[in-house]
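Asker: Take a look at the following structure, please.
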Amino acid sequence: MKAKAVRNMMLRHAAYSASLLLGALLLAQFLFESVPGDPARRALGPYASQESVIRLRHEMGLDRPLVERLAANIRSALRFDFGHSIIDGRAVAPEIGEKFTRTFTLGFQAVTIAVAISLLLLAVIHFQPRAAFLLQLAGAPVILPSFLSAVLVAIGAALWLPAMFGSSGSSRVFPAPLLPSLVAAIYPASVLATSLGARWSALRSAPHYRSARAFGLSRIQLLFRALLAPSAPTVLALIVSQLSVVVFALLVIEIIFSLPGAGTLMLASIQANDYPMLQGVLIINAFVFITLHFLSESLYPILDPRVAK
Amino acid sequence: MKKQTVVILLGLVVAAVVYFALRKQPAQVVADKSLVIGVENDVVNLDPLKIVDNFTLRVAAQVCEGMVTLDKKNQLAPCLIESWSANTDSTEWRLNVRKGVKFHPNACFGKTGSREMTAEDVAYSLRRIVSKGSPSAFALAGVIEGAADYQSGKAPDVSGIHVDGLSVTVKLIKPDPSFLYRLTSPWFAVVPKEAVDLGPDVFGRTTLIGTGPFKLVSRQDNEVRMVRNPDYWKKTAGNIENLSFRVLKNDAIRLAELRGEKIDLMRLPDSLVNEVAAAKPTSTDTTIQLNPAFGGFTATVHPVFNSYFLGFNYQAVPRALRRAVSKAVRRAEISTTITGGLGTPSVGPLPIGLRGYAPASITEWESAEAAKAELAAAPDVSRTLEILVHEKDSSEQVAELIQSELAAIGITVKITKLDFNGVIDKVLKNQEQCFMLSFEYVFSTPELILSGFFSPEAIPVPNLFGFKDEHFDSLLTELAKPMSDGKPNLPLIRQTEDYLIGEAPAVFLYQKRSAVLARKGITGIWISGNNILPCDDIVLP
């Protein structure tokens, strides 16, 4: 019965996600159609001859009916085949794959840092309850927008830190550049620390915690058995949901740190009017966010079947 | 602190130390004589044919070279073509290829690893420039015999290009004594077919083969690394062994990287002039006096070929109104306010530094009284104008300055902001009155700029004004005739530019110079009129 409830909920979420994806595809097409001006002219620039513009219009399929173009675009998107860049002819799919891999590596590093920071903070206050005031401070960084903290950190690093921490992240010590991931980690670290801190405060007055202490469990055993183990499902779901927050923040942070990734690719495609590339980035972006949303929504019923009821 | 806390913290420290110690360090390209240049845009593709912005061209120009180039006085100089000759009416050019020039080594050349550049390579590169989809085709497609047919796919080859041993013969559609001045930009580079055949995902992306002073080591969107080419054909004064371009898009961050000694050199954008300069540079300064905080740096200023202007829809805006606007605006004030002193006010489109060009006098043209007189002589002409502005070149700010100056002579200006492409779109559809824009010239001679941008053949692009005038065309025809001594006909150029200023298809405002901010002790920095900084001339201390 429980398994059936979970399966139904998963199916509902999958259907919802698929409809969101279709909406994203339609939105991308709508945006493409509604931008004033000739996309071919925009791509080739003001000095291209009219013959070149007409030729590119044909190559882009802009002289075909809207419905036909929409169907072709949906077919291409489902096959993850977005054609070639109209600016320099490179294949769109591998380029997007490479850039999103970089963004995700950065994102995972940021989330790992966030988890490490929040667990470290939790350990500190667990072993040193007088440091509980740190929990109050943990919520403060949320008010600092990523674009501002990114600029401040980049300038500070450029002026005072060794070159390996350089603002463009040329350091190869970590899988992804450290400073941008630190900036991206600020918000999720804050959210995770606040959440874990609240659980810690509640736990200290819980009867099972006092019983465990009475049975002589050490502080470190209490930390793992009484606090972290029961919190794992919530924390895991929180991490997945924060990943989409991090990826979104990285779209801006990458531009400020001049890192090649999904954000910079999107900006460059907009600036260059590279429509196949832009369309690919938008669709994959939507796909990524919808997938993350689906994962985070689905994790709860899997980890805690009561939610599925 | 409790024992467990100490244990956890110590464990974390030990794990971090072990991680750092065991991790393999990257191979170091950087050696003693290394120069790192901070640049403002992503370097996405280095294939000269695919480049559509000057930022990327400045990087690619260190690897690839053109047939001819510009020297420090912006005069035509041989490069991969060592000499040339033309028939009497300049319709047939014989280009003699430099001997002993080798392409950078690459596996695409097979077992030999590299090979010498030949006349076939020059012919191939010329054909490539006029090929379908080439953004630089406009420079040659209407000039070389058969190029237009080749571009449109009607002909399998360009009938006007022939290889003859070590020479390439190029036949033109009509006389063009300035033909080689069309090709001075490294945009028109000579590249080997074997490398281009590697495909668009390789050539320009991971591989770039040229003949230039530096070889490409790696390209990422945000960093390009090069090393000196030991087989470079030209003896140069510079001593750089490793050259890197690091992309730092944010101006403030780029400046901080320079101050923090992470980069050695950068272009100085307008937005930072006030921050670094002790006093605004004047239009004749060649260096910028820096404030004490930048004592470890030097800043130099270099004229480059461009023009910033307010363009008119020539057919839609009456002559009297165009002339009145052109006479009423105060170029010096606009230039200083917008460029922080990097601009040079200019009443005409021809850039400073072109083959003996002396700028037209602003004081003789600008006059609020003369502007009022123009309007008074045309009482039926409307006194309202709409200026289209966009996100580039501080165009909105310039338009606001113009708006306030025109209000003083009774002209009401409405400013409409669109995105850059939106403005171009309206201009191409003739739906505008006025628009803010700039030209960065590829051509390096006055005759080519005047005919290339303002002749009726250049409508709709790049003659975005739709400017068409019989007398001006007759002047252009005269200009196209070769001089017996091969020198430019300066009086006729002056006459043609003056006529253009008088007809006012645009209000030419200023030309912007390029400034370079570098660590003290770095010498040999100069920028050609094409806005290229040749790094092989840079000497590190």
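Simple scheme: letters A, B, ... for chains in structure tokens order, numbers from 1 for residues in each chain, numbers from 1 for ligands in the order shown.
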List every residue of chain A that has an atom at most 6 Å from any atom of chain B, giving for each one its closest atom pair and the distance in Å to one decimal, counting only C-alpha atoms, sorted by chain and then by ascending residue number, as JSON lines.
Answerer:
```
{"residue": "A:Gly37", "atom": "CA", "partner": "B:Asp425", "partner_atom": "CA", "distance": 5.6}
{"residue": "A:Tyr47", "atom": "CA", "partner": "B:Val461", "partner_atom": "CA", "distance": 5.0}
{"residue": "A:Asp88", "atom": "CA", "partner": "B:Lys50", "partner_atom": "CA", "distance": 5.5}
{"residue": "A:Gly89", "atom": "CA", "partner": "B:Pro200", "partner_atom": "CA", "distance": 5.7}
{"residue": "A:Arg90", "atom": "CA", "partner": "B:Asp201", "partner_atom": "CA", "distance": 5.0}
{"residue": "A:Ile155", "atom": "CA", "partner": "B:Ile253", "partner_atom": "CA", "distance": 5.2}
{"residue": "A:Ala158", "atom": "CA", "partner": "B:Glu257", "partner_atom": "CA", "distance": 4.6}
{"residue": "A:Leu159", "atom": "CA", "partner": "B:Gly260", "partner_atom": "CA", "distance": 4.2}
{"residue": "A:Ser258", "atom": "CA", "partner": "B:Leu248", "partner_atom": "CA", "distance": 5.6}
{"residue": "A:Pro260", "atom": "CA", "partner": "B:Asp221", "partner_atom": "CA", "distance": 5.8}
```
Asker: Give me the residues within 9 Å of region 485-488 of chain B as a PyMOL selection string, counting only C-alpha atoms and dropping any in the same chain fewer than 2 places off.
Answerer: chain B and resi 177+355-356+445-447+479+482-483+490-493
Asker: Write a file of the selected residues as a short mmCIF file (atom, residue, chain, number, x, y, z; two decimals), in the first residue's frame, keeping all heavy atoms.
Answerer:
```cif
data_model
loop_
_atom_site.label_atom_id
_atom_site.label_comp_id
_atom_site.auth_asym_id
_atom_site.auth_seq_id
_atom_site.Cartn_x
_atom_site.Cartn_y
_atom_site.Cartn_z
N PRO B 177 43.40 51.40 -56.74
CA PRO B 177 44.80 51.60 -56.33
C PRO B 177 45.03 51.29 -54.85
O PRO B 177 46.17 51.11 -54.43
CB PRO B 177 45.06 53.07 -56.65
CG PRO B 177 43.74 53.70 -56.88
CD PRO B 177 42.76 52.62 -57.21
N ARG B 355 47.07 57.68 -43.69
CA ARG B 355 48.00 58.15 -44.70
C ARG B 355 48.05 59.68 -44.90
O ARG B 355 47.53 60.23 -45.86
CB ARG B 355 47.64 57.50 -46.04
CG ARG B 355 47.54 56.01 -45.97
CD ARG B 355 47.16 55.44 -47.29
NE ARG B 355 48.28 55.53 -48.23
CZ ARG B 355 48.15 55.41 -49.54
NH1 ARG B 355 46.96 55.21 -50.08
NH2 ARG B 355 49.21 55.48 -50.31
N GLY B 356 48.64 60.38 -43.97
CA GLY B 356 48.84 61.83 -44.13
C GLY B 356 47.59 62.65 -43.90
O GLY B 356 47.54 63.84 -44.23
N THR B 445 42.67 53.21 -45.48
CA THR B 445 42.99 54.34 -46.34
C THR B 445 41.74 55.20 -46.52
O THR B 445 40.62 54.67 -46.53
CB THR B 445 43.55 53.83 -47.70
OG1 THR B 445 43.93 54.92 -48.50
CG2 THR B 445 42.56 52.99 -48.44
N PRO B 446 41.90 56.51 -46.62
CA PRO B 446 40.73 57.40 -46.68
C PRO B 446 39.79 57.08 -47.84
O PRO B 446 38.58 57.09 -47.68
CB PRO B 446 41.34 58.79 -46.87
CG PRO B 446 42.75 58.69 -46.41
CD PRO B 446 43.17 57.28 -46.64
N GLU B 447 40.39 56.76 -49.00
CA GLU B 447 39.55 56.49 -50.19
C GLU B 447 38.60 55.32 -49.92
O GLU B 447 37.42 55.37 -50.27
CB GLU B 447 40.43 56.14 -51.40
CG GLU B 447 41.39 57.23 -51.84
CD GLU B 447 42.75 57.13 -51.16
OE1 GLU B 447 42.80 56.73 -49.97
OE2 GLU B 447 43.76 57.43 -51.81
N LEU B 479 38.51 59.98 -56.87
CA LEU B 479 39.41 59.42 -55.85
C LEU B 479 39.92 58.03 -56.25
O LEU B 479 41.02 57.63 -55.86
CB LEU B 479 38.68 59.29 -54.51
CG LEU B 479 38.76 60.45 -53.53
CD1 LEU B 479 38.00 60.09 -52.26
CD2 LEU B 479 40.21 60.77 -53.18
N PRO B 482 44.19 56.20 -59.86
CA PRO B 482 45.51 56.15 -59.22
C PRO B 482 46.34 57.38 -59.50
O PRO B 482 46.27 57.95 -60.59
CB PRO B 482 46.14 54.90 -59.85
CG PRO B 482 45.38 54.64 -61.10
CD PRO B 482 44.03 55.22 -60.93
N MET B 483 47.10 57.80 -58.51
CA MET B 483 48.03 58.93 -58.68
C MET B 483 49.31 58.38 -59.31
O MET B 483 49.71 57.24 -59.03
CB MET B 483 48.35 59.55 -57.32
CG MET B 483 47.16 60.17 -56.62
SD MET B 483 46.72 61.78 -57.26
CE MET B 483 47.97 62.80 -56.46
N LEU B 490 45.70 63.94 -51.31
CA LEU B 490 45.20 64.54 -50.06
C LEU B 490 44.23 65.71 -50.28
O LEU B 490 43.21 65.80 -49.60
CB LEU B 490 46.37 64.97 -49.16
CG LEU B 490 47.18 63.81 -48.57
CD1 LEU B 490 48.35 64.33 -47.76
CD2 LEU B 490 46.32 62.92 -47.69
N PRO B 491 44.51 66.62 -51.24
CA PRO B 491 43.54 67.72 -51.44
C PRO B 491 42.16 67.20 -51.85
O PRO B 491 41.14 67.69 -51.37
CB PRO B 491 44.17 68.54 -52.57
CG PRO B 491 45.63 68.21 -52.54
CD PRO B 491 45.71 66.79 -52.07
N LEU B 492 42.13 66.16 -52.70
CA LEU B 492 40.84 65.63 -53.14
C LEU B 492 40.14 64.89 -51.99
O LEU B 492 38.92 64.97 -51.85
CB LEU B 492 41.06 64.68 -54.33
CG LEU B 492 39.78 64.15 -54.99
CD1 LEU B 492 38.90 65.28 -55.50
CD2 LEU B 492 40.11 63.19 -56.13
N ILE B 493 40.93 64.22 -51.17
CA ILE B 493 40.34 63.54 -49.99
C ILE B 493 39.72 64.58 -49.07
O ILE B 493 38.60 64.43 -48.58
CB ILE B 493 41.42 62.72 -49.24
CG1 ILE B 493 41.88 61.54 -50.10
CG2 ILE B 493 40.89 62.21 -47.91
CD1 ILE B 493 43.12 60.85 -49.58
#
```
Asker: Which residues are near region 238-249 of chain A? Cut-off 7 Å, only C-alpha atoms, ignore same chain within fewer than 5 positions. Put them as a PDB file with all heavy atoms, in the first residue's frame.
Answerer:
```
ATOM      1  N   GLY A 107      28.873  23.448  -8.987  1.00  0.00           N
ATOM      2  CA  GLY A 107      27.706  23.383  -8.109  1.00  0.00           C
ATOM      3  C   GLY A 107      27.863  22.315  -7.036  1.00  0.00           C
ATOM      4  O   GLY A 107      27.582  22.555  -5.856  1.00  0.00           O
ATOM      5  N   VAL A 111      27.969  22.813  -3.034  1.00  0.00           N
ATOM      6  CA  VAL A 111      27.079  22.136  -2.084  1.00  0.00           C
ATOM      7  C   VAL A 111      27.900  21.332  -1.061  1.00  0.00           C
ATOM      8  O   VAL A 111      27.575  21.316   0.129  1.00  0.00           O
ATOM      9  CB  VAL A 111      26.078  21.235  -2.838  1.00  0.00           C
ATOM     10  CG1 VAL A 111      25.300  20.362  -1.867  1.00  0.00           C
ATOM     11  CG2 VAL A 111      25.108  22.094  -3.630  1.00  0.00           C
ATOM     12  N   SER A 146      24.268  37.144  -4.326  1.00  0.00           N
ATOM     13  CA  SER A 146      25.441  36.462  -4.884  1.00  0.00           C
ATOM     14  C   SER A 146      26.291  37.377  -5.755  1.00  0.00           C
ATOM     15  O   SER A 146      27.507  37.333  -5.720  1.00  0.00           O
ATOM     16  CB  SER A 146      25.017  35.277  -5.744  1.00  0.00           C
ATOM     17  OG  SER A 146      24.200  34.450  -5.029  1.00  0.00           O
ATOM     18  N   ALA A 184      29.140  30.632  -4.025  1.00  0.00           N
ATOM     19  CA  ALA A 184      27.874  29.936  -4.283  1.00  0.00           C
ATOM     20  C   ALA A 184      27.431  29.129  -3.059  1.00  0.00           C
ATOM     21  O   ALA A 184      26.250  28.837  -2.897  1.00  0.00           O
ATOM     22  CB  ALA A 184      28.037  29.008  -5.486  1.00  0.00           C
ATOM     23  N   PRO A 188      23.371  28.196   0.511  1.00  0.00           N
ATOM     24  CA  PRO A 188      22.965  26.864   1.011  1.00  0.00           C
ATOM     25  C   PRO A 188      23.586  26.532   2.363  1.00  0.00           C
ATOM     26  O   PRO A 188      22.944  25.857   3.187  1.00  0.00           O
ATOM     27  CB  PRO A 188      23.466  25.895  -0.074  1.00  0.00           C
ATOM     28  CG  PRO A 188      24.382  26.651  -0.921  1.00  0.00           C
ATOM     29  CD  PRO A 188      24.032  28.097  -0.800  1.00  0.00           C
ATOM     30  N   PHE A 289      16.603  22.154 -14.274  1.00  0.00           N
ATOM     31  CA  PHE A 289      15.854  22.649 -13.118  1.00  0.00           C
ATOM     32  C   PHE A 289      14.625  21.780 -12.842  1.00  0.00           C
ATOM     33  O   PHE A 289      14.307  21.499 -11.688  1.00  0.00           O
ATOM     34  CB  PHE A 289      15.448  24.112 -13.332  1.00  0.00           C
ATOM     35  CG  PHE A 289      16.566  25.054 -13.011  1.00  0.00           C
ATOM     36  CD1 PHE A 289      17.341  25.614 -14.013  1.00  0.00           C
ATOM     37  CD2 PHE A 289      16.883  25.369 -11.697  1.00  0.00           C
ATOM     38  CE1 PHE A 289      18.391  26.474 -13.717  1.00  0.00           C
ATOM     39  CE2 PHE A 289      17.924  26.223 -11.389  1.00  0.00           C
ATOM     40  CZ  PHE A 289      18.686  26.769 -12.398  1.00  0.00           C
ATOM     41  N   LEU A 292      15.866  18.564 -11.245  1.00  0.00           N
ATOM     42  CA  LEU A 292      16.232  18.779  -9.839  1.00  0.00           C
ATOM     43  C   LEU A 292      14.983  18.929  -8.971  1.00  0.00           C
ATOM     44  O   LEU A 292      14.905  18.400  -7.867  1.00  0.00           O
ATOM     45  CB  LEU A 292      17.129  20.022  -9.707  1.00  0.00           C
ATOM     46  CG  LEU A 292      18.578  19.851 -10.164  1.00  0.00           C
ATOM     47  CD1 LEU A 292      19.326  21.165 -10.111  1.00  0.00           C
ATOM     48  CD2 LEU A 292      19.292  18.816  -9.293  1.00  0.00           C
ATOM     49  N   HIS A 293      14.012  19.658  -9.519  1.00  0.00           N
ATOM     50  CA  HIS A 293      12.757  19.852  -8.787  1.00  0.00           C
ATOM     51  C   HIS A 293      12.071  18.502  -8.573  1.00  0.00           C
ATOM     52  O   HIS A 293      11.609  18.183  -7.476  1.00  0.00           O
ATOM     53  CB  HIS A 293      11.862  20.797  -9.593  1.00  0.00           C
ATOM     54  CG  HIS A 293      10.531  21.047  -8.954  1.00  0.00           C
ATOM     55  ND1 HIS A 293      10.390  21.864  -7.862  1.00  0.00           N
ATOM     56  CD2 HIS A 293       9.305  20.569  -9.241  1.00  0.00           C
ATOM     57  CE1 HIS A 293       9.122  21.885  -7.503  1.00  0.00           C
ATOM     58  NE2 HIS A 293       8.438  21.104  -8.319  1.00  0.00           N
ATOM     59  N   SER A 296      13.973  16.537  -5.964  1.00  0.00           N
ATOM     60  CA  SER A 296      13.763  17.013  -4.598  1.00  0.00           C
ATOM     61  C   SER A 296      12.346  16.716  -4.110  1.00  0.00           C
ATOM     62  O   SER A 296      12.139  16.379  -2.963  1.00  0.00           O
ATOM     63  CB  SER A 296      14.126  18.507  -4.526  1.00  0.00           C
ATOM     64  OG  SER A 296      13.021  19.292  -4.389  1.00  0.00           O
TER      65      SER A 296
END
```
Asker: Quick one: DSSP strand (DSSP E or B) residues in region 261-299 of chain B, as JSON, numbers by chain?
Answerer: {"B": [265, 266, 267, 277, 287, 290, 297, 298, 299]}
Asker: Write the residues of the preceding selection, restricted to C-alpha atoms, as an mmCIF file, in the first residue's frame.
Answerer:
```
data_model
loop_
_atom_site.group_PDB
_atom_site.id
_atom_site.type_symbol
_atom_site.label_atom_id
_atom_site.label_comp_id
_atom_site.auth_asym_id
_atom_site.auth_seq_id
_atom_site.Cartn_x
_atom_site.Cartn_y
_atom_site.Cartn_z
ATOM 1 C CA LEU B 265 48.834 44.535 -18.944
ATOM 2 C CA MET B 266 45.297 45.533 -19.896
ATOM 3 C CA ARG B 267 43.422 47.918 -22.129
ATOM 4 C CA ALA B 277 44.432 59.140 -14.054
ATOM 5 C CA THR B 287 50.626 59.035 -22.169
ATOM 6 C CA LEU B 290 48.542 58.275 -13.313
ATOM 7 C CA PHE B 297 52.231 51.336 -13.769
ATOM 8 C CA THR B 298 52.384 53.278 -17.012
ATOM 9 C CA ALA B 299 49.562 54.189 -19.368
#
```
Asker: Using backbone DSSP assignments, extract all alpha helix (DSSP H) residues from region 48-100 of chain B; output them as a ChimeraX atom specification.
Answerer: /B:54-60
Asker: What would the file look like if the residues just selected were written as a short mmCIF file (atom, residue, chain, number, x, y, z; two decimals), in the first residue's frame with all heavy atoms?
Answerer:
```cif
data_model
loop_
_atom_site.label_atom_id
_atom_site.label_comp_id
_atom_site.auth_asym_id
_atom_site.auth_seq_id
_atom_site.Cartn_x
_atom_site.Cartn_y
_atom_site.Cartn_z
N ASN B 54 36.57 42.78 -32.28
CA ASN B 54 37.99 43.15 -32.25
C ASN B 54 38.73 42.54 -31.07
O ASN B 54 39.93 42.32 -31.13
CB ASN B 54 38.11 44.67 -32.25
CG ASN B 54 39.52 45.10 -32.58
OD1 ASN B 54 40.34 45.23 -31.70
ND2 ASN B 54 39.80 45.29 -33.86
N PHE B 55 37.98 42.22 -29.98
CA PHE B 55 38.62 41.65 -28.79
C PHE B 55 39.33 40.33 -29.15
O PHE B 55 40.47 40.10 -28.79
CB PHE B 55 37.59 41.36 -27.69
CG PHE B 55 36.78 42.55 -27.31
CD1 PHE B 55 35.48 42.67 -27.74
CD2 PHE B 55 37.31 43.55 -26.51
CE1 PHE B 55 34.72 43.77 -27.38
CE2 PHE B 55 36.57 44.65 -26.16
CZ PHE B 55 35.27 44.76 -26.60
N THR B 56 38.60 39.45 -29.83
CA THR B 56 39.14 38.15 -30.18
C THR B 56 40.21 38.28 -31.26
O THR B 56 41.21 37.56 -31.24
CB THR B 56 38.01 37.23 -30.67
OG1 THR B 56 36.92 37.33 -29.76
CG2 THR B 56 38.44 35.79 -30.72
N LEU B 57 40.01 39.22 -32.17
CA LEU B 57 40.99 39.42 -33.25
C LEU B 57 42.36 39.80 -32.67
O LEU B 57 43.39 39.37 -33.16
CB LEU B 57 40.49 40.51 -34.21
CG LEU B 57 41.32 40.70 -35.48
CD1 LEU B 57 41.34 39.42 -36.32
CD2 LEU B 57 40.78 41.85 -36.31
N ARG B 58 42.35 40.59 -31.60
CA ARG B 58 43.61 41.00 -30.96
C ARG B 58 44.39 39.79 -30.45
O ARG B 58 45.61 39.81 -30.40
CB ARG B 58 43.34 41.92 -29.78
CG ARG B 58 42.77 43.26 -30.16
CD ARG B 58 42.36 43.99 -28.89
NE ARG B 58 41.41 45.04 -29.17
CZ ARG B 58 40.66 45.61 -28.26
NH1 ARG B 58 40.73 45.23 -27.00
NH2 ARG B 58 39.84 46.57 -28.59
N VAL B 59 43.66 38.75 -30.04
CA VAL B 59 44.30 37.53 -29.54
C VAL B 59 44.80 36.70 -30.73
O VAL B 59 45.96 36.30 -30.78
CB VAL B 59 43.31 36.72 -28.67
CG1 VAL B 59 43.97 35.45 -28.16
CG2 VAL B 59 42.82 37.57 -27.50
N ALA B 60 43.90 36.47 -31.69
CA ALA B 60 44.26 35.63 -32.84
C ALA B 60 45.41 36.23 -33.64
O ALA B 60 46.20 35.49 -34.24
CB ALA B 60 43.03 35.45 -33.74
#
```
Asker: Using only C-alpha atoms, which residues sit within 10 Å of Leu401 (chain B) once same-chain residues fewer than 5 positions away are excluded, as a VMD selection string?
Answerer: chain B and resid 329 to 330 333 to 334 337 to 338 395 to 396 406
Asker: Write out, as a compact mmCIF listing (two decimals), in the first residue's frame, the residues just selected, with N, CA and C atoms.
Answerer:
```txt
# COMPACT_ATOMS: atom_id res chain seq x y z
N VAL B 329 26.08 70.79 -32.10
CA VAL B 329 26.65 69.96 -31.03
C VAL B 329 28.09 70.36 -30.73
N ARG B 330 28.45 70.25 -29.45
CA ARG B 330 29.82 70.60 -29.04
C ARG B 330 30.60 69.31 -28.82
N GLU B 333 33.14 68.69 -25.74
CA GLU B 333 32.50 68.44 -24.45
C GLU B 333 31.97 67.00 -24.39
N ILE B 334 31.33 66.59 -25.48
CA ILE B 334 30.78 65.23 -25.52
C ILE B 334 31.91 64.21 -25.41
N THR B 337 33.44 64.13 -21.86
CA THR B 337 32.52 63.58 -20.86
C THR B 337 32.37 62.07 -21.02
N ILE B 338 32.27 61.63 -22.24
CA ILE B 338 31.97 60.21 -22.49
C ILE B 338 33.21 59.33 -22.38
N SER B 395 25.74 55.19 -25.60
CA SER B 395 24.96 55.94 -26.59
C SER B 395 23.83 56.76 -25.96
N GLU B 396 23.24 56.26 -24.89
CA GLU B 396 22.15 57.00 -24.25
C GLU B 396 22.67 58.30 -23.64
N LEU B 406 20.81 70.67 -28.21
CA LEU B 406 19.86 71.04 -29.27
C LEU B 406 18.68 71.84 -28.71
```
Asker: Report the distance between CA of Ala515 (chain B) and CA of Leu243 (chain B) in Å, rounded to one decimal place.
Answerer: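 According to the coordinates, CA of Ala515 (chain B) and CA of Leu243 (chain B) are separated by 19.7 Å.
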Asker: What is the distance between CA of His302 (chain B) and CA of Ser514 (chain B), in Å to one decimal?
Answerer: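 Distance between the two atoms: 5.2 Å.
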Asker: At a cut-off of 6 Å, using only C-alpha atoms, what residues contact Phe214 (chain B)? Leave out same-chain residues fewer than 3 positions from it and give the result as a ChimeraX atom specification.
Answerer: /B:62-63,226-229
